[in-house]
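One structure is given here, and the rest of the page talks about it.
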Amino acid sequence: MRTRLLFAGLIFALPGLAWTADSSPDRGWTVKLSKPGDEVRIEEDGNTTVVRVTSRSGIGKLTIAANKNRSLPERLAVRLVYDQPKKFNKLEGLTITTPRWQVRGNSSQSGKLPFFLPDEKGVFERDDTKPTGWLDLKIESVGDALELQFPPRLILTERQVEIEWIDFYRN
């Protein structure tokens, strides 16, 4: 596994600022974390791009955005780990949003997460009992990490993906 640390540092919490790690220009996309002190690394595992997020609190938001005229990875996994010796066990809340679809669920729905399409105003259905369908997105333990495994080519044509999570066993 080849690992490249993109950016490590701390930005003090000021209104409107987020901790950002920019990808190398040749990658074609950038990542941004919402919480200062959280860190991100981009790893290659075979033919899958792994975005490894080290979280302090077990709650966070990751934004992956394609640069102009570029695309997001064909195969993507997001690996969530703590910055301390503690296992990421179970997500009680997971929301993945693009401009064209949204997934909301938790770890127990791995492989069958409900997804929603926006209405004509771009607003997603808020009633979780009325999904458009189900998405085969796997959530699996990998060592001390919890990994979100996106189906191949799912985000390839998206311009941006936001991933928000809440670990059931945080703090």
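Starting from 1 in every chain, residues are counted up; chains themselves are A, B, ... following the order of the structure tokens, and ligands are numbered from 1 as listed.
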| Glu164 (chain A) environment, 12 Å, only C-alpha atoms, sequence neighbours closer than 6 positions dropped, as a ChimeraX atom specification | /A:32-35,53,58-64,78,80,91-98,102-106,148
Which residues of region 78-151 of chain A have any atom within 12 Å of an atom in region 41-51 of chain A when counting only C-alpha atoms, and what is the closest pair of atoms for each, with the distance in Å to one decimal? Order the rows by chain and rising number and write it as a tab-separated table.
```
residue	atom	partner	partner_atom	distance
A:Val78	CA	A:Val51	CA	4.8
A:Arg79	CA	A:Val51	CA	6.1
A:Leu80	CA	A:Val51	CA	8.5
A:Val81	CA	A:Val51	CA	10.9
A:Ala145	CA	A:Val51	CA	11.8
A:Leu146	CA	A:Val51	CA	11.7
A:Glu147	CA	A:Val50	CA	9.1
A:Leu148	CA	A:Val50	CA	9.5
A:Gln149	CA	A:Val50	CA	9.1
A:Phe150	CA	A:Thr48	CA	9.9
A:Pro151	CA	A:Thr48	CA	10.8
```
Would you save the residues from that selection as a PDB file, in the first residue's frame, using N, CA and C atoms?
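Generated output (out-v2.pdb):
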```pdb
ATOM      1  N   VAL A  78     -13.729   5.166   2.019  1.00  0.00           N
ATOM      2  CA  VAL A  78     -13.416   6.133   3.065  1.00  0.00           C
ATOM      3  C   VAL A  78     -13.232   5.341   4.344  1.00  0.00           C
ATOM      4  N   ARG A  79     -12.053   5.477   4.948  1.00  0.00           N
ATOM      5  CA  ARG A  79     -11.708   4.731   6.159  1.00  0.00           C
ATOM      6  C   ARG A  79     -11.665   5.703   7.339  1.00  0.00           C
ATOM      7  N   LEU A  80     -12.523   5.473   8.329  1.00  0.00           N
ATOM      8  CA  LEU A  80     -12.605   6.324   9.510  1.00  0.00           C
ATOM      9  C   LEU A  80     -11.869   5.669  10.674  1.00  0.00           C
ATOM     10  N   VAL A  81     -10.926   6.397  11.276  1.00  0.00           N
ATOM     11  CA  VAL A  81     -10.170   5.895  12.429  1.00  0.00           C
ATOM     12  C   VAL A  81     -10.094   7.003  13.482  1.00  0.00           C
ATOM     13  N   ALA A 145     -10.454   0.540  12.092  1.00  0.00           N
ATOM     14  CA  ALA A 145     -11.175   1.498  11.261  1.00  0.00           C
ATOM     15  C   ALA A 145     -12.545   0.961  10.853  1.00  0.00           C
ATOM     16  N   LEU A 146     -13.389   1.881  10.442  1.00  0.00           N
ATOM     17  CA  LEU A 146     -14.658   1.536   9.816  1.00  0.00           C
ATOM     18  C   LEU A 146     -14.563   2.071   8.394  1.00  0.00           C
ATOM     19  N   GLU A 147     -14.809   1.217   7.402  1.00  0.00           N
ATOM     20  CA  GLU A 147     -14.615   1.599   6.005  1.00  0.00           C
ATOM     21  C   GLU A 147     -15.926   1.649   5.253  1.00  0.00           C
ATOM     22  N   LEU A 148     -16.135   2.741   4.541  1.00  0.00           N
ATOM     23  CA  LEU A 148     -17.273   2.907   3.631  1.00  0.00           C
ATOM     24  C   LEU A 148     -16.774   2.546   2.244  1.00  0.00           C
ATOM     25  N   GLN A 149     -17.354   1.529   1.637  1.00  0.00           N
ATOM     26  CA  GLN A 149     -16.918   1.064   0.324  1.00  0.00           C
ATOM     27  C   GLN A 149     -17.980   1.435  -0.709  1.00  0.00           C
ATOM     28  N   PHE A 150     -17.656   2.425  -1.524  1.00  0.00           N
ATOM     29  CA  PHE A 150     -18.586   2.891  -2.550  1.00  0.00           C
ATOM     30  C   PHE A 150     -18.610   1.915  -3.722  1.00  0.00           C
ATOM     31  N   PRO A 151     -19.782   1.672  -4.303  1.00  0.00           N
ATOM     32  CA  PRO A 151     -19.829   0.845  -5.513  1.00  0.00           C
ATOM     33  C   PRO A 151     -18.968   1.487  -6.613  1.00  0.00           C
TER      34      PRO A 151
END
```
| said: For a quick check of understanding, using only C-alpha atoms, which of A:Ser107, A:Arg70, A:Val123, A:Pro114 has the smallest distance to Trp165 (chain A)? | reply: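 So, comparing all the options, the nearest one is A:Ser107.
Restricting the calculation to only C-alpha atoms, the smallest distance between Gly28 (chain A) and any of A:Leu72, A:Ile166, A:Val40, A:Ala77 is found for A:Leu72.
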| task | Tell me which protein, DNA and RNA residues are within 12 Å of Leu154 (chain A), counting only C-alpha atoms, leaving out same-chain ones fewer than 6 positions away, and put them as a PyMOL selection string. | result | chain A and resi 71-77+98+100-101+135-137+160-161
Those selected residues, please, written with N, CA and C atoms and delivered as a CSV table (one decimal), in the first residue's frame.
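And here's selection-v1.csv as it stands now:
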```csv
chain,number,residue,atom,x,y,z
A,71,SER,N,-12.3,14.5,-12.8
A,71,SER,CA,-13.4,13.6,-12.2
A,71,SER,C,-12.9,13.0,-10.8
A,72,LEU,N,-13.8,12.6,-10.1
A,72,LEU,CA,-13.6,11.9,-8.8
A,72,LEU,C,-13.1,10.5,-9.1
A,73,PRO,N,-12.5,9.8,-8.1
A,73,PRO,CA,-12.0,8.4,-8.3
A,73,PRO,C,-13.1,7.4,-8.8
A,74,GLU,N,-12.7,6.5,-9.6
A,74,GLU,CA,-13.6,5.5,-10.1
A,74,GLU,C,-14.0,4.5,-8.9
A,75,ARG,N,-13.0,4.1,-8.2
A,75,ARG,CA,-13.2,3.2,-7.0
A,75,ARG,C,-12.7,4.0,-5.7
A,76,LEU,N,-13.7,4.1,-4.8
A,76,LEU,CA,-13.4,4.9,-3.6
A,76,LEU,C,-13.8,4.2,-2.3
A,77,ALA,N,-13.0,4.3,-1.3
A,77,ALA,CA,-13.3,3.8,0.0
A,77,ALA,C,-12.9,4.9,1.0
A,98,THR,N,-24.7,14.3,-2.7
A,98,THR,CA,-24.2,14.9,-3.9
A,98,THR,C,-25.3,15.8,-4.4
A,100,ARG,N,-27.1,15.3,-6.9
A,100,ARG,CA,-28.1,14.4,-7.6
A,100,ARG,C,-28.7,13.4,-6.7
A,101,TRP,N,-28.1,13.0,-5.6
A,101,TRP,CA,-28.7,12.0,-4.7
A,101,TRP,C,-28.1,12.1,-3.3
A,135,LEU,N,-29.1,1.6,-1.8
A,135,LEU,CA,-27.7,1.6,-2.4
A,135,LEU,C,-26.9,0.6,-1.8
A,136,ASP,N,-26.1,-0.2,-2.6
A,136,ASP,CA,-25.2,-1.2,-2.1
A,136,ASP,C,-23.9,-0.6,-1.7
A,137,LEU,N,-23.9,0.1,-0.6
A,137,LEU,CA,-22.7,0.7,-0.1
A,137,LEU,C,-22.4,0.0,1.2
A,160,GLN,N,-19.0,16.9,-6.5
A,160,GLN,CA,-18.7,17.0,-5.1
A,160,GLN,C,-19.5,15.9,-4.3
A,161,VAL,N,-18.9,15.4,-3.3
A,161,VAL,CA,-19.5,14.4,-2.4
A,161,VAL,C,-19.2,14.9,-1.0
```
| Could you write out, as a VMD selection string, all the residues of region 2-140 of chain A that DSSP marks as strand (DSSP E or B)? | chain A and resid 2 to 7 19 to 21 29 to 33 39 to 45 48 to 55 59 to 66 76 to 82 91 to 97 102 to 105 113 to 116 118 124 133 to 135 138 to 140
| query | Separation of CA of Leu117 (chain A) and CA of Phe88 (chain A), in Å? | reply | 29.2 Å
| query | Which residue gives the smallest distance to Lys138 (chain A) among A:Lys121, A:Lys86, A:Lys112, A:Arg153, with only C-alpha atoms counted? | reply |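 Using only C-alpha atoms, the shortest distance to Lys138 (chain A) belongs to A:Lys112.
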| message | When you count only C-alpha atoms, which of these residues is closest to Gly133 (chain A): A:Glu120, A:Ala65, A:Phe115, A:Val31? | response |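 Result for the nearest residue to Gly133 (chain A): A:Phe115.
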